[in-house]
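One file, target26.txt, carrying compact mmCIF, C-alpha atoms:
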# COMPACT_ATOMS: atom_id res chain seq x y z
CA MET S 10 17.35 10.52 16.85
CA ALA S 11 19.61 12.96 15.00
CA ARG S 12 22.12 10.29 14.10
CA GLY S 13 19.38 7.92 12.95
CA LEU S 14 17.86 10.66 10.80
CA LEU S 15 21.25 11.37 9.23
CA TYR S 16 21.81 7.70 8.41
CA ALA S 17 18.27 7.35 7.08
CA LEU S 18 18.62 10.38 4.83
CA ALA S 19 21.96 9.11 3.55
CA GLY S 20 20.54 5.64 2.86
CA ALA S 21 17.48 6.98 1.07
CA ALA S 22 19.53 9.44 -1.00
CA ILE S 23 22.14 6.86 -2.04
CA GLY S 24 19.44 4.31 -2.87
CA ALA S 25 17.44 6.81 -4.91
CA ALA S 26 20.41 8.21 -6.83
CA ALA S 27 21.91 4.80 -7.56
CA ALA S 28 18.56 3.34 -8.64
CA ARG S 29 17.86 6.21 -11.04
CA ALA S 30 21.38 6.02 -12.48
CA ALA S 31 21.09 2.26 -12.95
CA TYR S 32 17.64 2.55 -14.54
CA SER S 33 18.88 5.19 -16.99
CA ALA S 34 21.87 3.03 -17.91
CA PHE S 35 19.82 -0.16 -18.29
CA THR S 36 17.08 1.43 -20.40
CA ARG S 37 19.25 3.65 -22.58
CA ASN S 38 18.75 1.30 -25.54
CA ARG S 39 15.34 0.03 -24.54
CA PRO S 40 13.68 0.54 -27.97
CA ALA S 41 16.08 -2.07 -29.33
CA ASP S 42 14.98 -4.49 -26.59
CA LEU S 43 11.21 -4.18 -27.15
CA GLY S 44 10.01 -7.72 -27.54
CA GLY S 45 13.25 -8.97 -25.98
CA ARG S 46 13.94 -10.94 -22.84
CA TRP S 47 13.42 -8.00 -20.47
CA THR S 48 10.07 -6.99 -22.01
CA ARG S 49 6.67 -8.26 -20.88
CA LYS S 50 3.03 -7.40 -21.54
CA ASN S 51 1.36 -5.55 -18.67
CA HIS S 52 -2.28 -5.87 -17.56
CA ARG S 53 -3.34 -3.76 -20.56
CA GLY S 54 -1.43 -5.96 -22.98
CA GLU S 55 1.13 -3.21 -23.61
CA PRO S 56 4.91 -3.84 -23.71
CA ILE S 57 6.71 -2.84 -20.54
CA THR S 58 10.29 -3.30 -19.37
CA LEU S 59 11.31 -5.38 -16.37
CA LEU S 60 14.58 -3.47 -16.04
CA GLU S 61 13.15 -1.46 -13.17
CA GLY S 62 13.79 -4.55 -11.04
CA PRO S 63 17.55 -4.80 -11.67
CA ALA S 64 17.76 -1.02 -11.22
CA PHE S 65 16.14 -1.33 -7.79
CA VAL S 66 18.50 -4.15 -6.83
CA ALA S 67 21.50 -2.09 -7.96
CA GLY S 68 20.31 1.02 -6.14
CA SER S 69 19.46 -0.65 -2.86
CA GLY S 70 22.63 -2.77 -3.09
CA ALA S 71 24.74 0.36 -3.49
CA ALA S 72 22.99 1.91 -0.52
CA ALA S 73 23.62 -1.21 1.57
CA ALA S 74 27.32 -1.02 0.72
CA LEU S 75 27.76 2.73 1.21
CA THR S 76 25.27 3.97 3.82
CA PRO S 77 27.03 4.98 7.05
CA GLY S 78 26.10 3.63 10.46
CA LEU S 79 25.74 -0.07 9.68
CA ALA S 80 27.77 -2.74 11.45
CA PRO S 81 29.68 -5.02 9.05
CA ARG S 82 27.40 -8.01 9.74
CA THR S 83 24.28 -5.90 9.22
CA ARG S 84 25.69 -4.47 6.00
CA LEU S 85 26.49 -7.96 4.72
CA ALA S 86 23.01 -9.16 5.70
CA ALA S 87 21.44 -6.33 3.67
CA VAL S 88 23.54 -7.14 0.61
CA LEU S 89 22.75 -10.85 0.92
CA ALA S 90 19.02 -10.35 1.42
CA GLY S 91 18.54 -7.65 -1.22
CA VAL S 92 20.93 -8.73 -3.96
CA GLY S 93 20.43 -12.45 -3.34
CA SER S 94 16.64 -12.34 -3.56
CA GLY S 95 16.87 -9.92 -6.48
CA ALA S 96 19.15 -12.24 -8.44
CA LEU S 97 16.82 -15.19 -7.83
CA GLY S 98 13.86 -13.07 -8.84
CA ALA S 99 15.63 -12.06 -12.05
CA TYR S 100 16.22 -15.73 -12.81
CA ASP S 101 12.48 -16.35 -12.52
CA ASP S 102 11.73 -13.23 -14.60
CA LEU S 103 13.90 -14.51 -17.43
CA TYR S 104 13.32 -18.25 -17.29
CA GLY S 105 10.01 -18.66 -15.48
CA THR S 106 7.03 -20.43 -17.02
CA THR S 107 3.31 -20.33 -16.25
CA SER S 108 2.94 -24.12 -15.92
CA SER S 109 2.87 -23.77 -12.11
CA LYS S 110 1.67 -20.71 -10.23
CA GLY S 111 1.80 -19.58 -6.64
CA PHE S 112 3.71 -20.88 -3.67
CA LYS S 113 1.56 -24.00 -3.49
CA GLY S 114 1.81 -24.68 -7.21
CA HIS S 115 5.59 -24.60 -7.30
CA LEU S 116 5.98 -26.76 -4.19
CA THR S 117 3.41 -29.24 -5.53
CA ALA S 118 5.37 -29.49 -8.77
CA LEU S 119 8.57 -29.99 -6.77
CA ALA S 120 6.94 -32.80 -4.77
CA ARG S 121 6.27 -34.71 -7.98
CA GLY S 122 9.83 -34.24 -9.17
CA GLU S 123 9.40 -31.16 -11.39
CA VAL S 124 11.87 -28.41 -10.55
CA THR S 125 10.31 -25.15 -11.73
CA SER S 126 12.06 -21.79 -11.83
CA GLY S 127 9.63 -20.68 -9.13
CA ALA S 128 10.68 -23.54 -6.87
CA VAL S 129 14.34 -22.61 -7.38
CA LYS S 130 13.47 -19.05 -6.43
CA ILE S 131 11.46 -20.05 -3.36
CA LEU S 132 14.17 -22.34 -2.03
CA GLY S 133 16.92 -19.88 -2.93
CA ILE S 134 15.20 -16.95 -1.24
CA GLY S 135 14.63 -19.15 1.79
CA ALA S 136 18.36 -19.83 1.90
CA THR S 137 19.37 -16.17 1.46
CA GLY S 138 16.80 -15.16 4.07
CA LEU S 139 18.27 -17.60 6.58
CA GLY S 140 21.78 -16.48 5.70
CA ALA S 141 20.90 -12.84 6.24
CA ALA S 142 19.05 -13.67 9.45
CA ALA S 143 22.02 -15.61 10.81
CA LEU S 144 24.11 -12.44 10.56
CA VAL S 145 21.73 -10.35 12.71
CA SER S 146 20.13 -12.93 15.04
CA ALA S 147 20.96 -14.00 18.58
CA GLY S 148 20.56 -17.76 18.19
CA PRO S 149 19.07 -20.61 16.13
CA VAL S 150 15.44 -19.95 17.09
CA ASP S 151 15.69 -16.26 16.21
CA THR S 152 17.52 -17.17 13.01
CA LEU S 153 14.68 -19.45 11.91
CA VAL S 154 11.97 -16.92 12.77
CA ASN S 155 13.83 -14.02 11.20
CA GLY S 156 14.84 -15.99 8.12
CA ALA S 157 11.26 -17.10 7.52
CA ALA S 158 10.03 -13.53 7.95
CA ILE S 159 12.60 -12.14 5.49
CA ALA S 160 11.88 -14.81 2.88
CA GLY S 161 8.13 -14.54 3.42
CA ALA S 162 8.20 -10.76 3.03
CA ALA S 163 10.16 -11.15 -0.21
CA ASN S 164 7.51 -13.48 -1.61
CA LEU S 165 4.60 -11.39 -0.33
CA ALA S 166 5.85 -8.18 -1.95
CA ASN S 167 5.93 -9.96 -5.29
CA LEU S 168 2.25 -10.90 -4.94
CA PHE S 169 1.35 -7.21 -5.08
CA ASP S 170 3.32 -6.48 -8.27
CA LEU S 171 0.28 -6.94 -10.51
CA ARG S 172 -0.70 -3.33 -11.17
CA PRO S 173 1.34 -0.14 -11.74
CA GLY S 174 2.95 1.14 -8.57
CA ARG S 175 1.12 -1.27 -6.27
CA ALA S 176 4.12 -3.16 -4.87
CA ILE S 177 6.02 0.07 -4.26
CA LYS S 178 3.01 1.70 -2.57
CA VAL S 179 2.63 -1.33 -0.30
CA GLY S 180 6.34 -1.12 0.48
CA LEU S 181 6.10 2.58 1.31
CA LEU S 182 3.00 2.06 3.47
CA ALA S 183 4.66 -0.79 5.35
CA GLY S 184 8.10 0.79 5.59
CA GLY S 185 7.00 4.31 6.52
CA PRO S 186 5.76 3.45 10.04
CA LEU S 187 8.77 1.20 10.62
CA LEU S 188 11.08 4.07 9.67
CA ALA S 189 9.21 6.47 11.96
CA VAL S 190 9.39 4.08 14.93
CA SER S 191 13.08 3.43 14.30
CA LEU S 192 13.77 7.15 14.35
CA LEU S 193 11.63 7.88 17.41
CA ARG S 194 13.18 5.03 19.38
CA SER S 195 16.72 5.90 18.34
CA SER S 196 17.52 2.80 16.30
CA PRO S 197 19.96 4.19 13.70
CA ALA S 198 20.70 0.85 12.01
CA ALA S 199 17.03 -0.04 11.61
CA ALA S 200 16.29 3.45 10.31
CA ALA S 201 19.05 3.18 7.71
CA LEU S 202 18.00 -0.34 6.68
CA THR S 203 14.41 0.82 6.18
CA ALA S 204 15.28 4.03 4.33
CA MET S 205 17.58 2.39 1.77
CA PRO S 206 14.91 0.37 -0.11
CA LEU S 207 12.30 3.08 0.37
CA GLY S 208 14.53 5.65 -1.31
CA ALA S 209 15.31 3.36 -4.25
CA ALA S 210 11.65 2.40 -4.64
CA ALA S 211 10.38 5.98 -4.46
CA ALA S 212 12.84 7.06 -7.13
CA LEU S 213 11.49 4.42 -9.52
CA LEU S 214 7.80 4.95 -8.70
CA PRO S 215 7.10 7.50 -11.50
CA ASP S 216 8.13 5.04 -14.21
CA ASP S 217 6.15 2.27 -12.53
CA LEU S 218 3.00 4.42 -12.27
CA GLY S 219 3.54 5.65 -15.82
CA GLU S 220 3.42 2.03 -17.03
CA ARG S 221 6.85 2.28 -18.61
CA ALA S 222 8.42 -0.28 -16.27
CA MET S 223 7.67 -2.70 -13.48
CA LEU S 224 9.63 -4.22 -10.62
CA GLY S 225 9.08 -7.80 -11.70
CA ASP S 226 10.20 -10.62 -9.43
CA ALA S 227 13.72 -9.17 -9.18
CA GLY S 228 12.66 -5.83 -7.74
CA ALA S 229 9.65 -6.94 -5.73
CA ASN S 230 11.47 -9.83 -4.06
CA SER S 231 14.38 -7.58 -3.19
CA LEU S 232 12.11 -4.83 -1.82
CA GLY S 233 10.24 -7.27 0.39
CA ALA S 234 13.38 -8.99 1.64
CA LEU S 235 15.04 -5.70 2.63
CA LEU S 236 11.96 -4.44 4.46
CA GLY S 237 11.68 -7.81 6.17
CA LEU S 238 15.31 -7.55 7.28
CA ALA S 239 14.75 -4.03 8.60
CA ALA S 240 11.67 -5.21 10.53
CA VAL S 241 13.36 -8.19 12.21
CA THR S 242 16.31 -5.96 13.10
CA LYS S 243 14.02 -3.54 14.94
CA LEU S 244 11.22 -5.69 16.37
CA GLY S 245 11.38 -7.81 19.52
CA ARG S 246 10.51 -11.50 19.35
CA PRO S 247 6.73 -10.99 19.89
CA GLY S 248 6.66 -8.41 17.10
CA ARG S 249 8.64 -10.68 14.79
CA LEU S 250 6.24 -13.57 15.45
CA VAL S 251 3.31 -11.30 14.63
CA LEU S 252 5.08 -10.22 11.45
CA LEU S 253 5.72 -13.82 10.43
CA GLY S 254 2.13 -14.81 11.17
CA THR S 255 0.78 -11.89 9.16
CA VAL S 256 3.02 -12.64 6.19
CA ALA S 257 2.09 -16.34 6.31
CA ALA S 258 -1.64 -15.56 6.55
CA LEU S 259 -1.57 -13.15 3.60
CA THR S 260 0.47 -15.59 1.52
CA ALA S 261 -2.00 -18.39 2.28
CA ALA S 262 -4.93 -16.10 1.47
CA SER S 263 -3.40 -15.24 -1.90
CA GLU S 264 -3.80 -18.89 -2.94
CA LYS S 265 -7.59 -18.54 -2.58
CA VAL S 266 -8.37 -14.84 -2.99
CA SER S 267 -7.41 -12.30 -5.64
CA PHE S 268 -5.77 -9.28 -4.02
CA THR S 269 -6.69 -7.26 -7.10
CA LYS S 270 -10.40 -8.04 -6.66
CA VAL S 271 -10.27 -7.29 -2.95
CA ILE S 272 -8.57 -3.94 -3.58
CA ALA S 273 -11.00 -3.02 -6.37
CA ALA S 274 -14.00 -3.77 -4.14
CA ASN S 275 -12.81 -1.50 -1.31
CA PRO S 276 -13.23 2.25 -2.02
CA VAL S 277 -10.30 3.33 0.17
CA LEU S 278 -7.90 0.67 -1.07
CA ASN S 279 -8.97 1.24 -4.66
CA ARG S 280 -8.39 4.98 -4.39
CA LEU S 281 -4.89 4.38 -3.03
CA ASP S 282 -4.24 1.79 -5.71
CA MET S 283 -5.32 4.16 -8.50
CA LEU S 284 -3.45 7.19 -7.12
CA GLY S 285 -1.06 8.44 -9.80
CA ARG S 286 -2.11 5.78 -12.32
CA ARG S 287 -3.68 6.05 -15.75
CA PRO S 288 -7.47 5.60 -15.69
CA VAL S 289 -8.71 2.08 -16.15
CA ASP S 290 -9.78 1.31 -19.72
CA HIS S 291 -13.49 0.64 -20.04
CA VAL S 292 -14.73 -1.56 -22.85

Would you kindly transcribe this structure into structure tokens?
Amino acid sequence: MARGLLYALAGAAIGAAAARAAYSAFTRNRPADLGGRWTRKNHRGEPITLLEGPAFVAGSGAAAALTPGLAPRTRLAAVLAGVGSGALGAYDDLYGTTSSKGFKGHLTALARGEVTSGAVKILGIGATGLGAAALVSAGPVDTLVNGAAIAGAANLANLFDLRPGRAIKVGLLAGGPLLAVSLLRSSPAAAALTAMPLGAAAALLPDDLGERAMLGDAGANSLGALLGLAAVTKLGRPGRLVLLGTVAALTAASEKVSFTKVIAANPVLNRLDMLGRRPVDHV
């Protein structure tokens, strides 16, 4: 457990420090970019920067490259999953349109011959997920299950990035127990893999909650992919199948149900969602 804790602390610290440094560098001239390609309107209609996403990708990528205790194949899988999904998410952030929405919408558009930025991202993240899975899996069946879980987790995390801090809170709530189990069961690699994105995300949470920045597709996709990779590295096949089923069920539900409405209607979930946030404006 001691070695796992050391690796986890190192991964979290490197991820946090690198993410904060990247965010500071990226946003140093932000006033000049207001209204530019990295600026969007948030749920209040206020301008907010998407540069938190690239900062998360840079921070977690640095942690994947530098954190001790990872085998070369595992390290490469983390870089591929995190940076690959982050780059594809950034592409959608910059060039995406609202003509098609959701997993179903993009695939429906693709079926009729329209290649949307979302479809490129979905297919690309599927490919990077399989590539990362191939590096840490025992055979073709495990590769398919693990790859689908990594890609699905990347997409699912992005579905929560609709309110300040929500995607990061979901990541922390999902990753915290996984980190604890990895430490208790002496799985140093899984502990390090889990701690790296959690450290980077936690370091950026204040700016997310303060409605100065948001993860966007780049950061949310990367966060989900890295937590998915950590999970498939730790869990046995039954656990990975449960993970994949849960991710698939939530993704399917998102096509019919608004997560924001569900969260707002539940007192406990709403309290967690509002923790640290500005009060909701009332008209």

Nearest to Ala64 (chain S), chosen from S:Ala183, S:Leu192, S:Ile159, S:Leu214, with only C-alpha atoms counted in the distances:
S:Leu214

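Across the structure, CA of Asn51 (chain S) and CA of Leu236 (chain S) are spaced 25.5 Å apart.
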
Selection near region 162-165 of chain S, 8 Å with all atoms listed in the file, sequence-local residues under 4 positions removed, as a CSV table (one decimal) with C-alpha atoms, in the frame of the given file:
chain,number,residue,atom,x,y,z
S,94,SER,CA,16.6,-12.3,-3.6
S,131,ILE,CA,11.5,-20.0,-3.4
S,134,ILE,CA,15.2,-17.0,-1.2
S,158,ALA,CA,10.0,-13.5,8.0
S,169,PHE,CA,1.4,-7.2,-5.1
S,229,ALA,CA,9.6,-6.9,-5.7
S,230,ASN,CA,11.5,-9.8,-4.1
S,231,SER,CA,14.4,-7.6,-3.2
S,232,LEU,CA,12.1,-4.8,-1.8
S,233,GLY,CA,10.2,-7.3,0.4
S,234,ALA,CA,13.4,-9.0,1.6
S,235,LEU,CA,15.0,-5.7,2.6
S,236,LEU,CA,12.0,-4.4,4.5
S,237,GLY,CA,11.7,-7.8,6.2
S,256,VAL,CA,3.0,-12.6,6.2
S,259,LEU,CA,-1.6,-13.2,3.6
S,260,THR,CA,0.5,-15.6,1.5

Between S:Ala30, S:Val154, S:Ala86, S:Ala22, which is the closest to Gly245 (chain S) once you count all atoms listed in the file?
S:Val154

Applying 9 Å and all atoms listed in the file, which residues near region 52-59 of chain S remain after dropping the ones on its own chain fewer than 3 positions away? List them as a count of residues only.
25

Extract, using all atoms listed in the file, all DNA, RNA and protein residues at most 8 Å from Ala210 (chain S), discarding same-chain residues fewer than 3 positions from it, and format them as a PyMOL selection string.
chain S and resi 25+65+177+206-207+213-214+232

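CA of Leu168 (chain S) is found 10.2 Å from CA of Glu264 (chain S).
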
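CA of Gly24 (chain S) sits 27.4 Å away from CA of Gly45 (chain S).
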
What residues have an atom no more than 9 Å from (22.3, -4.0, 9.8) in the file's own frame, counting only C-alpha atoms, and can you write them as an MDAnalysis selection string?
chainID S and resid 73 78:87 144:145 198:199 201:202 238:239 242

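Take the candidates S:Gly156, S:Gly219, S:Gly133, S:Pro77 and check each one against Arg249 (chain S) using all atoms listed in the file; the shortest distance goes to S:Gly156.
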
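Candidate residues S:Arg12, S:Lys265, S:Lys243, S:Lys178 were compared for distance to Leu281 (chain S), and the nearest is S:Lys178, using only C-alpha atoms.
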